[in-house]
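**Q** Encoded as structure tokens, here's the structure I'll be asking about.
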Amino acid sequence: MANAENEVKEATRRFYDAIEHIVSGRGPAAMSEAWHHNDRVTGGHPNGGWAIGWDELWSTWEVFAGFGRADRGGSSIRDLEAHVYGDIAYTTCIFTASPAWGGEDLACTNVLQRIDGVWKIIHHHADKGPKMGESLEKMLGEG
Amino acid sequence: MSLIEHVETVSNEARVEVGDEKGGFVVEVDEATGAVQVKGWGFWSVEVASRFGESVKRACRQDRRTRDMVMDLGSLKPMRDEGQDGLAQVIEALPALGIEAVAISTLSQLTKLQILRIAKAHDRAGRVHVVEGRSGSGWAR
């Protein structure tokens with residue numbers, strides 16, 4: 001079980017590394033790798049409603065990727081906990097947005113599934129973060 | 001069954017409806033004022049998204065009085081590339097279509113950010129106003 005928890009934590013860290021890729025302008029490809037792709041994956045971001053199915057989710061990550069830039073990075077997580085139930089697991093953590101993206105601390109929950117021995121995200125939910133939306137709109141004004 | 005068969009289109013001179021409850025849009029021309037009214041919802045499939053631009057432009061050409069457009073995109077989810085391209089086409093064509101003001105409303109901040117980015121890139125004449133809320137009608141002149 002300890003090994004599975006470590007694998008789940010690693011998969012979760014890959015997901016947050018993928019967020020940092022997006023934030024810092026390295027694109028959403030790593031995010032695609034962090035998820036299983038099917039019609040049942042779901043996600044809720046700090047802004048916006050639920051995305052249901054991979055196609056919807058991917059569109060949301062692409063919106064965020066449009067705001068990435070090398071000097072806008074600096075997101076992090078802490079207090080990562082993992083709980084494994086067979087081939088399903090969930091993790092909780094506190095995500096801190098990069099300063100350029102509002103800098104808020106957001107409580108997050110992720111659900112992961114092991115398919116063919118590989119843990120990946122199937123659900124992500126973050127607290128609402130009004131400062132993030134404000135920061136992104138401000139970026140649009142800056143060009 | 002091909003995906004295209006899932007896309008229902010109901011069309012007459014004054015109203016075009018494309019899509020289903022999961023994702024679609026309606027375009028109609030107000031008979032009294034000539035204003036073009038657009039309502040979009042859900043997540044647009046490729047087939048729905050690819051019909052958006054031409055459907056809206058066709059409606060704009062129907063009535064020579066048309067100067068305003070209101071887009072209620074309150075429940076529209078962030079669009080895939082084809083939907084973004086359709087909206088960009090409409091915004092690019094506004095001067096040629098004689099549209100002087102477009103009010104776009106959305107409840108989703110992510111959708112709003114996406115639309116703002118498209119407007120910034122394609123609305124050179126400053127005719128598009130994006131608001132977060134249920135209806136953009138407050139922007140109509």
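Residue numbering restarts at 1 for every chain of the structure tokens, chains are lettered A, B, ... in their displayed order, and ligands are numbered from 1 as they appear.
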Taking only C-alpha atoms into account, find every residue of chain B that has an atom no more than 10 Å from chain A, and write it out as a PDB file with C-alpha atoms, in the first residue's frame.
**A**
ATOM      1  CA  GLY B  42     -22.974  23.796 -23.678  1.00  0.00           C
ATOM      2  CA  PHE B  43     -19.868  22.390 -25.317  1.00  0.00           C
ATOM      3  CA  TRP B  44     -19.854  22.646 -29.089  1.00  0.00           C
ATOM      4  CA  SER B  45     -18.948  19.575 -31.080  1.00  0.00           C
ATOM      5  CA  SER B  75     -23.918  28.751 -20.525  1.00  0.00           C
ATOM      6  CA  LYS B  77     -18.303  26.251 -22.133  1.00  0.00           C
ATOM      7  CA  PRO B  78     -14.788  27.076 -23.341  1.00  0.00           C
ATOM      8  CA  MET B  79     -14.651  26.378 -27.055  1.00  0.00           C
ATOM      9  CA  ARG B  80     -12.427  24.041 -29.023  1.00  0.00           C
ATOM     10  CA  ASP B  81     -10.427  25.492 -31.920  1.00  0.00           C
ATOM     11  CA  LEU B 107     -21.356  33.390 -16.938  1.00  0.00           C
ATOM     12  CA  SER B 108     -18.152  31.355 -17.164  1.00  0.00           C
ATOM     13  CA  GLN B 109     -14.999  33.270 -16.397  1.00  0.00           C
ATOM     14  CA  LEU B 110     -12.970  30.814 -18.463  1.00  0.00           C
ATOM     15  CA  THR B 111     -15.239  31.330 -21.464  1.00  0.00           C
ATOM     16  CA  LYS B 112     -15.028  35.077 -20.909  1.00  0.00           C
ATOM     17  CA  LEU B 113     -11.222  34.933 -20.907  1.00  0.00           C
ATOM     18  CA  GLN B 114     -11.290  32.944 -24.132  1.00  0.00           C
ATOM     19  CA  ILE B 115     -13.657  35.409 -25.800  1.00  0.00           C
ATOM     20  CA  LEU B 116     -11.671  38.413 -24.575  1.00  0.00           C
ATOM     21  CA  ARG B 117      -8.540  36.924 -26.121  1.00  0.00           C
ATOM     22  CA  LYS B 120      -8.407  41.388 -28.617  1.00  0.00           C
TER      23      LYS B 120
END
**Q** With a distance cut-off of 9 Å and only C-alpha atoms, select the neighbouring residues of B:Val56, excluding the residue or stretch itself and same-chain residues fewer than 5 positions from it, and output the selection as a ChimeraX atom specification.
**A** /B:16,27-28,36,38,51,61,90
**Q** Contacts of stretch 74-83 of chain A at 12 Å or less, counting only C-alpha atoms, minus same-chain residues fewer than 6 places along, as an NGL selection string?
**A** :A and (1-25 or 68 or 89-113)
**Q** List the neighbours of B:Ala49 out to 7 Å using only C-alpha atoms; skip same-chain residues closer than 6 positions along the sequence, and give me the result as a VMD selection string.
**A** chain B and resid 82 to 83 86
**Q** Once you have the residues from the selection above, write them out as an mmCIF file, in the first residue's frame, restricted to C-alpha atoms.
**A**
data_model
loop_
_atom_site.group_PDB
_atom_site.id
_atom_site.type_symbol
_atom_site.label_atom_id
_atom_site.label_comp_id
_atom_site.auth_asym_id
_atom_site.auth_seq_id
_atom_site.Cartn_x
_atom_site.Cartn_y
_atom_site.Cartn_z
ATOM 1 C CA GLU B 82 -13.278 25.303 -34.419
ATOM 2 C CA GLY B 83 -15.569 27.373 -32.198
ATOM 3 C CA GLY B 86 -16.015 30.721 -35.947
#
**Q** Name the residues of chain A that come out as strand (DSSP E) in a backbone DSSP run; write them as an NGL selection string.
**A** :A and (42-44 or 50-52 or 76-85 or 88-96 or 105-115 or 118-126)
**Q** Enumerate as a PyMOL selection string all residues of stretch 2-127 of chain B assigned to alpha helix (DSSP H) by DSSP on the backbone, naming them with the chain letters and numbers the document uses.
**A** chain B and resi 46-62+81-97+109-122
**Q** Got a sec: who's within 10 Å of B:Glu92, counting only C-alpha atoms, leaving out chain neighbours fewer than 6 positions off, as a PDB file with C-alpha atoms, in the first residue's frame?
**A**
ATOM      1  CA  GLY B  86     -16.015  30.721 -35.947  1.00  0.00           C
ATOM      2  CA  ALA B 119     -11.768  39.866 -29.391  1.00  0.00           C
ATOM      3  CA  ALA B 121      -6.873  39.677 -31.627  1.00  0.00           C
ATOM      4  CA  HIS B 122      -9.666  40.324 -34.132  1.00  0.00           C
ATOM      5  CA  ASP B 123     -11.753  43.335 -33.022  1.00  0.00           C
ATOM      6  CA  ARG B 124      -9.639  46.092 -34.482  1.00  0.00           C
ATOM      7  CA  ALA B 125     -12.496  48.599 -34.515  1.00  0.00           C
TER       8      ALA B 125
END
**Q** Quick one: pull the distance between atom CA of B:Val48 and atom CA of A:Gly27, Å, one decimal.
**A**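 Atom CA of A:Gly27 lies 26.8 Å from atom CA of B:Val48.
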**Q** Go through B:Gly74, B:Gly24, B:Gly19, B:Gly53 one by one, measure the shortest atom-to-atom distance of each to B:Val131 using only C-alpha atoms, and give the residue with the smallest value.
**A**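 Among the listed residues, B:Gly74 lies closest to B:Val131.
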**Q** Enter the distance from atom CA of A:His37 to atom CA of B:Leu76, in Å, rounded to one decimal.
**A**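 According to the coordinates, atom CA of A:His37 and atom CA of B:Leu76 are separated by 22.0 Å.
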**Q** What is the atom CA of B:Gln84-atom CA of B:Phe52 distance in Å, reported with one decimal?
**A** 9.6 Å
**Q** Please provide as a PyMOL selection string all residues within 12 Å of B:Glu31, with the sequence filter that same-chain residues fewer than 5 positions apart are discarded (counting only C-alpha atoms).
**A** chain B and resi 13-15+36-37+59+62-66
**Q** Find, counting only C-alpha atoms, the residue in B:Met71, B:Arg127, B:Val46, B:Gln89 that gets nearest to B:Ile104.
**A**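 Using only C-alpha atoms, the shortest distance to B:Ile104 belongs to B:Met71.
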